[in-house]
$ cat final.tsv   # TSV, C-alpha atoms
chain	number	residue	atom	x	y	z
D	1	MET	CA	-13.97	-15.10	-8.07
D	2	TRP	CA	-10.69	-15.27	-6.19
D	3	HIS	CA	-11.43	-15.67	-2.48
D	4	GLY	CA	-15.04	-15.00	-1.58
D	5	ASP	CA	-14.35	-15.53	2.12
D	6	ARG	CA	-11.32	-13.25	2.29
D	7	THR	CA	-11.13	-9.71	3.67
D	8	ALA	CA	-8.78	-7.03	2.38
D	9	LEU	CA	-7.84	-3.75	4.04
D	10	VAL	CA	-6.58	-0.98	1.76
D	11	THR	CA	-5.06	2.15	3.26
D	12	GLY	CA	-5.57	5.37	1.36
D	13	GLY	CA	-8.48	3.61	-0.29
D	14	ALA	CA	-10.89	6.47	-0.89
D	15	ARG	CA	-9.41	7.93	-4.06
D	16	GLY	CA	-7.01	7.44	-6.96
D	17	ILE	CA	-5.10	4.17	-7.15
D	18	GLY	CA	-6.34	3.11	-3.72
D	19	LEU	CA	-9.98	3.43	-4.73
D	20	GLU	CA	-9.36	1.42	-7.89
D	21	ILE	CA	-7.54	-1.28	-5.89
D	22	CYS	CA	-10.58	-1.50	-3.63
D	23	ARG	CA	-12.91	-1.68	-6.62
D	24	GLN	CA	-10.95	-4.44	-8.34
D	25	LEU	CA	-10.63	-6.49	-5.16
D	26	ALA	CA	-14.37	-6.18	-4.52
D	27	ASP	CA	-15.11	-7.13	-8.12
D	28	GLY	CA	-12.91	-10.18	-7.57
D	29	GLY	CA	-15.02	-11.40	-4.67
D	30	LEU	CA	-13.22	-10.04	-1.62
D	31	ARG	CA	-14.79	-8.08	1.19
D	32	VAL	CA	-12.91	-4.77	1.27
D	33	LEU	CA	-12.29	-2.37	4.12
D	34	VAL	CA	-11.71	1.08	2.63
D	35	GLY	CA	-9.29	2.92	4.90
D	36	ALA	CA	-9.24	6.72	4.78
D	37	ARG	CA	-8.42	9.53	7.20
D	38	SER	CA	-11.98	10.81	6.78
D	39	TRP	CA	-14.78	8.36	7.55
D	40	GLU	CA	-17.03	10.39	5.25
D	41	ALA	CA	-14.57	9.95	2.36
D	42	ALA	CA	-14.38	6.22	3.05
D	43	GLU	CA	-18.18	5.99	3.14
D	44	GLU	CA	-18.49	7.84	-0.17
D	45	ALA	CA	-15.97	5.47	-1.76
D	46	CYS	CA	-17.92	2.48	-0.48
D	47	ARG	CA	-21.09	3.77	-2.08
D	48	ALA	CA	-19.24	3.92	-5.40
D	49	ILE	CA	-17.79	0.41	-4.99
D	50	GLY	CA	-20.85	-1.46	-3.78
D	51	PRO	CA	-21.97	-3.70	-0.92
D	52	ALA	CA	-18.68	-5.61	-0.65
D	53	ALA	CA	-16.96	-2.46	0.66
D	54	LEU	CA	-17.01	-1.19	4.24
D	55	PRO	CA	-15.69	2.21	5.43
D	56	LEU	CA	-12.90	2.44	7.98
D	57	ALA	CA	-11.55	5.64	9.53
D	58	LEU	CA	-7.78	5.22	9.47
D	59	ASP	CA	-4.82	7.59	9.66
D	60	VAL	CA	-1.66	5.51	9.25
D	61	ALA	CA	0.45	8.36	10.66
D	62	SER	CA	-1.26	7.89	14.04
D	63	ALA	CA	-0.49	4.83	16.17
D	64	LYS	CA	-3.75	5.37	18.06
D	65	SER	CA	-5.78	5.49	14.85
D	66	VAL	CA	-4.13	2.32	13.53
D	67	ALA	CA	-4.84	0.45	16.76
D	68	GLU	CA	-8.48	1.57	16.81
D	69	ALA	CA	-8.97	0.76	13.14
D	70	ALA	CA	-7.44	-2.71	13.53
D	71	ARG	CA	-9.74	-3.41	16.46
D	72	GLU	CA	-12.78	-2.22	14.51
D	73	ALA	CA	-11.74	-4.23	11.46
D	74	GLY	CA	-11.53	-7.37	13.57
D	75	GLU	CA	-14.98	-6.75	15.01
D	76	LEU	CA	-16.48	-6.13	11.57
D	77	THR	CA	-14.92	-9.01	9.67
D	78	GLY	CA	-13.21	-11.37	12.10
D	79	GLY	CA	-9.76	-10.74	10.66
D	80	ILE	CA	-7.70	-9.35	7.79
D	81	ASP	CA	-6.38	-11.68	5.09
D	82	VAL	CA	-4.97	-9.07	2.70
D	83	LEU	CA	-3.26	-5.77	3.55
D	84	VAL	CA	-2.50	-3.22	0.85
D	85	ASN	CA	-0.35	-0.40	2.20
D	86	ASN	CA	-1.29	2.25	-0.35
D	87	ALA	CA	-1.48	5.44	1.75
D	88	GLY	CA	1.35	7.82	0.99
D	89	VAL	CA	2.44	11.42	0.59
D	90	SER	CA	4.85	13.28	-1.70
D	91	LEU	CA	5.73	16.72	-0.31
D	92	ASP	CA	9.16	17.59	-1.72
D	93	GLY	CA	8.19	20.00	-4.49
D	94	ASP	CA	11.39	21.26	-6.15
D	95	LEU	CA	13.64	20.42	-3.19
D	96	ARG	CA	16.81	18.49	-4.02
D	97	PRO	CA	19.79	17.42	-1.93
D	98	PRO	CA	22.01	18.60	-0.40
D	99	TYR	CA	19.18	20.90	0.81
D	100	LEU	CA	17.03	19.41	3.50
D	101	ASP	CA	13.59	20.24	4.88
D	102	GLU	CA	13.49	18.23	8.09
D	103	GLU	CA	9.75	18.66	8.59
D	104	ILE	CA	9.01	17.31	5.12
D	105	LEU	CA	11.35	14.38	5.73
D	106	ARG	CA	9.75	13.52	9.08
D	107	THR	CA	6.20	13.80	7.76
D	108	THR	CA	6.99	11.71	4.69
D	109	LEU	CA	8.66	8.93	6.66
D	110	GLU	CA	5.87	8.96	9.24
D	111	THR	CA	3.29	8.13	6.59
D	112	ASN	CA	5.13	6.22	3.87
D	113	LEU	CA	7.34	4.05	6.08
D	114	ALA	CA	6.11	4.06	9.67
D	115	GLY	CA	2.48	3.94	8.53
D	116	ALA	CA	3.02	0.72	6.60
D	117	TRP	CA	5.05	-0.71	9.48
D	118	ARG	CA	2.29	0.10	11.97
D	119	MET	CA	-0.28	-1.59	9.77
D	120	ALA	CA	1.85	-4.71	9.44
D	121	GLU	CA	2.31	-4.87	13.20
D	122	ALA	CA	-1.45	-4.55	13.68
D	123	VAL	CA	-2.64	-7.23	11.24
D	124	VAL	CA	0.19	-9.60	10.27
D	125	PRO	CA	0.16	-11.63	13.54
D	126	GLY	CA	-3.44	-12.57	12.77
D	127	MET	CA	-2.41	-13.70	9.29
D	128	VAL	CA	0.32	-15.89	10.76
D	129	GLU	CA	-2.21	-17.49	13.12
D	130	THR	CA	-4.44	-18.50	10.22
D	131	GLY	CA	-1.55	-19.52	7.95
D	132	TYR	CA	-2.60	-17.20	5.14
D	133	GLY	CA	-1.89	-13.59	4.28
D	134	ARG	CA	-0.95	-11.21	1.49
D	135	VAL	CA	0.82	-7.93	2.20
D	136	VAL	CA	1.36	-5.51	-0.68
D	137	ASN	CA	3.39	-2.34	-0.16
D	138	VAL	CA	2.67	0.22	-2.88
D	139	THR	CA	6.06	1.70	-3.63
D	140	SER	CA	7.78	3.40	-6.57
D	141	SER	CA	10.68	2.79	-8.92
D	142	TYR	CA	11.92	6.10	-7.45
D	143	GLY	CA	12.86	4.05	-4.40
D	144	SER	CA	14.96	1.55	-6.34
D	145	LEU	CA	18.67	2.02	-5.60
D	146	ALA	CA	19.53	0.35	-8.89
D	147	LEU	CA	17.40	2.81	-10.87
D	148	MET	CA	18.12	5.96	-8.86
D	149	ASP	CA	19.60	8.54	-11.22
D	150	SER	CA	18.65	11.94	-9.77
D	151	GLY	CA	17.89	13.77	-6.55
D	152	ARG	CA	14.33	14.70	-7.44
D	153	HIS	CA	11.73	14.10	-4.70
D	154	PRO	CA	14.40	13.15	-2.13
D	155	ALA	CA	12.23	12.55	0.95
D	156	TYR	CA	9.70	10.61	-1.11
D	157	ARG	CA	12.43	8.52	-2.73
D	158	ILE	CA	14.11	7.73	0.57
D	159	SER	CA	10.79	6.78	2.16
D	160	LYS	CA	10.11	4.33	-0.65
D	161	THR	CA	13.64	2.90	-0.47
D	162	ALA	CA	13.01	2.30	3.23
D	163	LEU	CA	9.59	0.77	2.46
D	164	ASN	CA	11.31	-1.59	0.03
D	165	ALA	CA	13.70	-2.62	2.80
D	166	LEU	CA	10.76	-3.23	5.14
D	167	THR	CA	9.18	-5.41	2.44
D	168	ARG	CA	12.32	-7.54	2.24
D	169	MET	CA	12.66	-7.86	6.01
D	170	LEU	CA	9.01	-8.78	6.52
D	171	ALA	CA	9.17	-11.36	3.75
D	172	ALA	CA	12.26	-12.95	5.31
D	173	GLU	CA	10.74	-13.02	8.80
D	174	LEU	CA	7.48	-14.53	7.53
D	175	ALA	CA	8.98	-17.17	5.26
D	176	GLY	CA	7.11	-20.44	5.58
D	177	THR	CA	4.11	-18.97	7.41
D	178	GLY	CA	1.79	-18.68	4.41
D	179	VAL	CA	2.09	-14.88	4.47
D	180	LEU	CA	3.53	-13.38	1.28
D	181	VAL	CA	4.97	-9.86	1.28
D	182	ASN	CA	5.71	-8.00	-1.93
D	183	ALA	CA	6.06	-4.46	-3.27
D	184	ALA	CA	4.29	-2.99	-6.30
D	185	ASP	CA	5.20	0.03	-8.38
D	186	PRO	CA	1.95	1.30	-9.98
D	187	GLY	CA	3.82	3.59	-12.36
D	188	TRP	CA	3.10	7.25	-13.03
D	189	THR	CA	-0.66	7.22	-12.66
D	190	ARG	CA	-3.31	9.91	-12.87
D	191	SER	CA	-4.28	10.56	-9.25
D	192	GLY	CA	-4.09	13.22	-6.57
D	193	MET	CA	-0.37	12.51	-6.27
D	194	GLY	CA	0.43	11.69	-9.90
D	195	GLY	CA	-1.48	14.62	-11.36
D	196	PRO	CA	-3.56	14.86	-14.55
D	197	ALA	CA	-0.58	14.66	-16.92
D	198	ALA	CA	0.31	11.09	-15.96
D	199	PRO	CA	0.07	8.64	-18.86
D	200	ARG	CA	-1.62	5.81	-16.94
D	201	GLY	CA	-5.13	5.55	-15.58
D	202	PRO	CA	-5.94	4.18	-12.13
D	203	GLU	CA	-7.04	0.87	-13.64
D	204	ALA	CA	-3.53	0.20	-14.93
D	205	GLY	CA	-1.94	1.46	-11.72
D	206	ALA	CA	-4.04	-0.88	-9.60
D	207	ASP	CA	-3.40	-4.00	-11.65
D	208	THR	CA	-0.09	-5.13	-10.14
D	209	PRO	CA	-1.07	-4.44	-6.50
D	210	VAL	CA	-4.30	-6.41	-7.02
D	211	TRP	CA	-2.41	-9.25	-8.70
D	212	LEU	CA	-0.02	-9.52	-5.75
D	213	ALA	CA	-2.88	-9.21	-3.25
D	214	THR	CA	-4.60	-12.23	-4.80
D	215	LEU	CA	-1.70	-14.60	-5.40
D	216	PRO	CA	-3.15	-18.12	-5.12
D	217	GLU	CA	-2.37	-20.49	-2.29
D	218	GLY	CA	0.76	-22.43	-3.07
D	219	ASP	CA	2.40	-19.48	-4.81
D	220	GLY	CA	5.72	-18.75	-3.16
D	221	THR	CA	6.30	-15.27	-4.60
D	222	THR	CA	7.52	-13.12	-1.72
D	223	GLY	CA	10.09	-10.44	-0.98
D	224	ARG	CA	10.04	-9.05	-4.51
D	225	LEU	CA	9.32	-5.79	-6.33
D	226	PHE	CA	7.10	-5.70	-9.41
D	227	ALA	CA	5.85	-3.25	-12.01
D	228	ASP	CA	3.31	-4.34	-14.63
D	229	ARG	CA	3.62	-7.82	-13.10
D	230	LYS	CA	7.31	-7.94	-14.03
D	231	PRO	CA	10.21	-7.91	-11.51
D	232	LEU	CA	12.15	-4.70	-10.92
D	233	PRO	CA	15.61	-4.45	-9.29
D	234	TRP	CA	15.76	-3.27	-5.70

$ encode --input "final.tsv" --output "structure tokens"
Amino acid sequence: MWHGDRTALVTGGARGIGLEICRQLADGGLRVLVGARSWEAAEEACRAIGPAALPLALDVASAKSVAEAAREAGELTGGIDVLVNNAGVSLDGDLRPPYLDEEILRTTLETNLAGAWRMAEAVVPGMVETGYGRVVNVTSSYGSLALMDSGRHPAYRISKTALNALTRMLAAELAGTGVLVNAADPGWTRSGMGGPAAPRGPEAGADTPVWLATLPEGDGTTGRLFADRKPLPW
């Protein structure tokens, strides 16, 4: 058991990697709020996870939804100790630069970047007040500038590069507060986004996010990017 009195909120928690993150956190002794755009989907996921899970209607692309969900989460649990920003979209298809689909770019950034930023704004101040918090941004090696070697999935890549920058900025701003902020690359995982051909199952994809979400007190790991619990270059 990691932290039996802790509460985690996972966005995009009703399926794929998000569902497995919720399951592993619940198995580790945390109370888990399963965030999903559909309350029915969140409720179904909670039935599969067990009594430690609670459903939460949450669309990270909507500021109103985030505010309402944060208020409801506070009423249900008293506060959020762990935030896993897992919700994301990949809409590019075969598009590559220099060609640009502005609607795809806007929609991708709205969810993958602004959604995580909204969630941090909603719950991190409460973490700072209590002197404890773990924020995990689920990203991708596709967003690493050091590893970027093609123009495939351009809007998705750029959104994850921006999410990585947000991770670094949050970590710097929260240094010394007890709130750790890190990014996790789950790898190419079988899910609604990764597809059935991916070589990794959700269990493997969820491992690094869960590890970062449950770093013990006294651990100073923050502002870093990991895959398979090993550091990756930004």

$ residues_around --input "final.tsv" --residues "Asn112 in chain D" --least-positions-apart "3" --cutoff "8 Å" --atoms "only C-alpha atoms" --output "list of chain:residue names"
D:Ala87, D:Gly88, D:Val89, D:Thr108, D:Leu109, D:Gly115, D:Ala116, D:Ser159, D:Lys160, D:Leu163

$ atom_distance --input "final.tsv" --atom1 "CA of Pro125 in chain D" --atom2 "CA of Ala57 in chain D"
21.2 Å

$ residues_around --input "final.tsv" --residues "Tyr99 in chain D" --least-positions-apart "4" --cutoff "12 Å" --atoms "all atoms listed in the file" --output "number ranges by chain"
D: 92, 94-95, 104-105, 151-155

$ residues_around --input "final.tsv" --residues "Ala184 in chain D" --least-positions-apart "2" --cutoff "12 Å" --atoms "only C-alpha atoms" --output "compact mmCIF listing (two decimals) with C-alpha atoms, in the frame of the given file"
# COMPACT_ATOMS: atom_id res chain seq x y z
CA ILE D 17 -5.10 4.17 -7.15
CA ILE D 21 -7.54 -1.28 -5.89
CA VAL D 84 -2.50 -3.22 0.85
CA ASN D 85 -0.35 -0.40 2.20
CA ASN D 86 -1.29 2.25 -0.35
CA VAL D 135 0.82 -7.93 2.20
CA VAL D 136 1.36 -5.51 -0.68
CA ASN D 137 3.39 -2.34 -0.16
CA VAL D 138 2.67 0.22 -2.88
CA THR D 139 6.06 1.70 -3.63
CA SER D 140 7.78 3.40 -6.57
CA SER D 141 10.68 2.79 -8.92
CA TYR D 142 11.92 6.10 -7.45
CA GLY D 143 12.86 4.05 -4.40
CA SER D 144 14.96 1.55 -6.34
CA LYS D 160 10.11 4.33 -0.65
CA LEU D 163 9.59 0.77 2.46
CA ASN D 164 11.31 -1.59 0.03
CA THR D 167 9.18 -5.41 2.44
CA VAL D 181 4.97 -9.86 1.28
CA ASN D 182 5.71 -8.00 -1.93
CA PRO D 186 1.95 1.30 -9.98
CA GLY D 187 3.82 3.59 -12.36
CA GLY D 205 -1.94 1.46 -11.72
CA ALA D 206 -4.04 -0.88 -9.60
CA ASP D 207 -3.40 -4.00 -11.65
CA THR D 208 -0.09 -5.13 -10.14
CA PRO D 209 -1.07 -4.44 -6.50
CA VAL D 210 -4.30 -6.41 -7.02
CA TRP D 211 -2.41 -9.25 -8.70
CA LEU D 212 -0.02 -9.52 -5.75
CA ALA D 213 -2.88 -9.21 -3.25
CA THR D 222 7.52 -13.12 -1.72
CA GLY D 223 10.09 -10.44 -0.98
CA ARG D 224 10.04 -9.05 -4.51
CA LEU D 225 9.32 -5.79 -6.33
CA PHE D 226 7.10 -5.70 -9.41
CA ALA D 227 5.85 -3.25 -12.01
CA ASP D 228 3.31 -4.34 -14.63
CA ARG D 229 3.62 -7.82 -13.10
CA LYS D 230 7.31 -7.94 -14.03
CA PRO D 231 10.21 -7.91 -11.51
CA LEU D 232 12.15 -4.70 -10.92
CA PRO D 233 15.61 -4.45 -9.29
CA TRP D 234 15.76 -3.27 -5.70

$ closest_residue --input "final.tsv" --among "D:Leu19, D:Glu129, D:Thr77, D:Ala14" --to "Glu40 in chain D" --atoms "only C-alpha atoms"
D:Ala14

$ closest_residue --input "final.tsv" --among "D:Leu30, D:Val82, D:Leu170, D:Ala48" --to "Met127 in chain D" --atoms "all atoms listed in the file"
D:Val82

$ atom_distance --input "final.tsv" --atom1 "CA of Asp149 in chain D" --atom2 "CA of Glu110 in chain D"
24.6 Å

$ atom_distance --input "final.tsv" --atom1 "CA of Ala114 in chain D" --atom2 "CA of Lys64 in chain D"
13.0 Å

$ closest_residue --input "final.tsv" --among "D:Ala120, D:Ala8, D:Ala70, D:Cys22" --to "Glu203 in chain D" --atoms "only C-alpha atoms"
D:Cys22
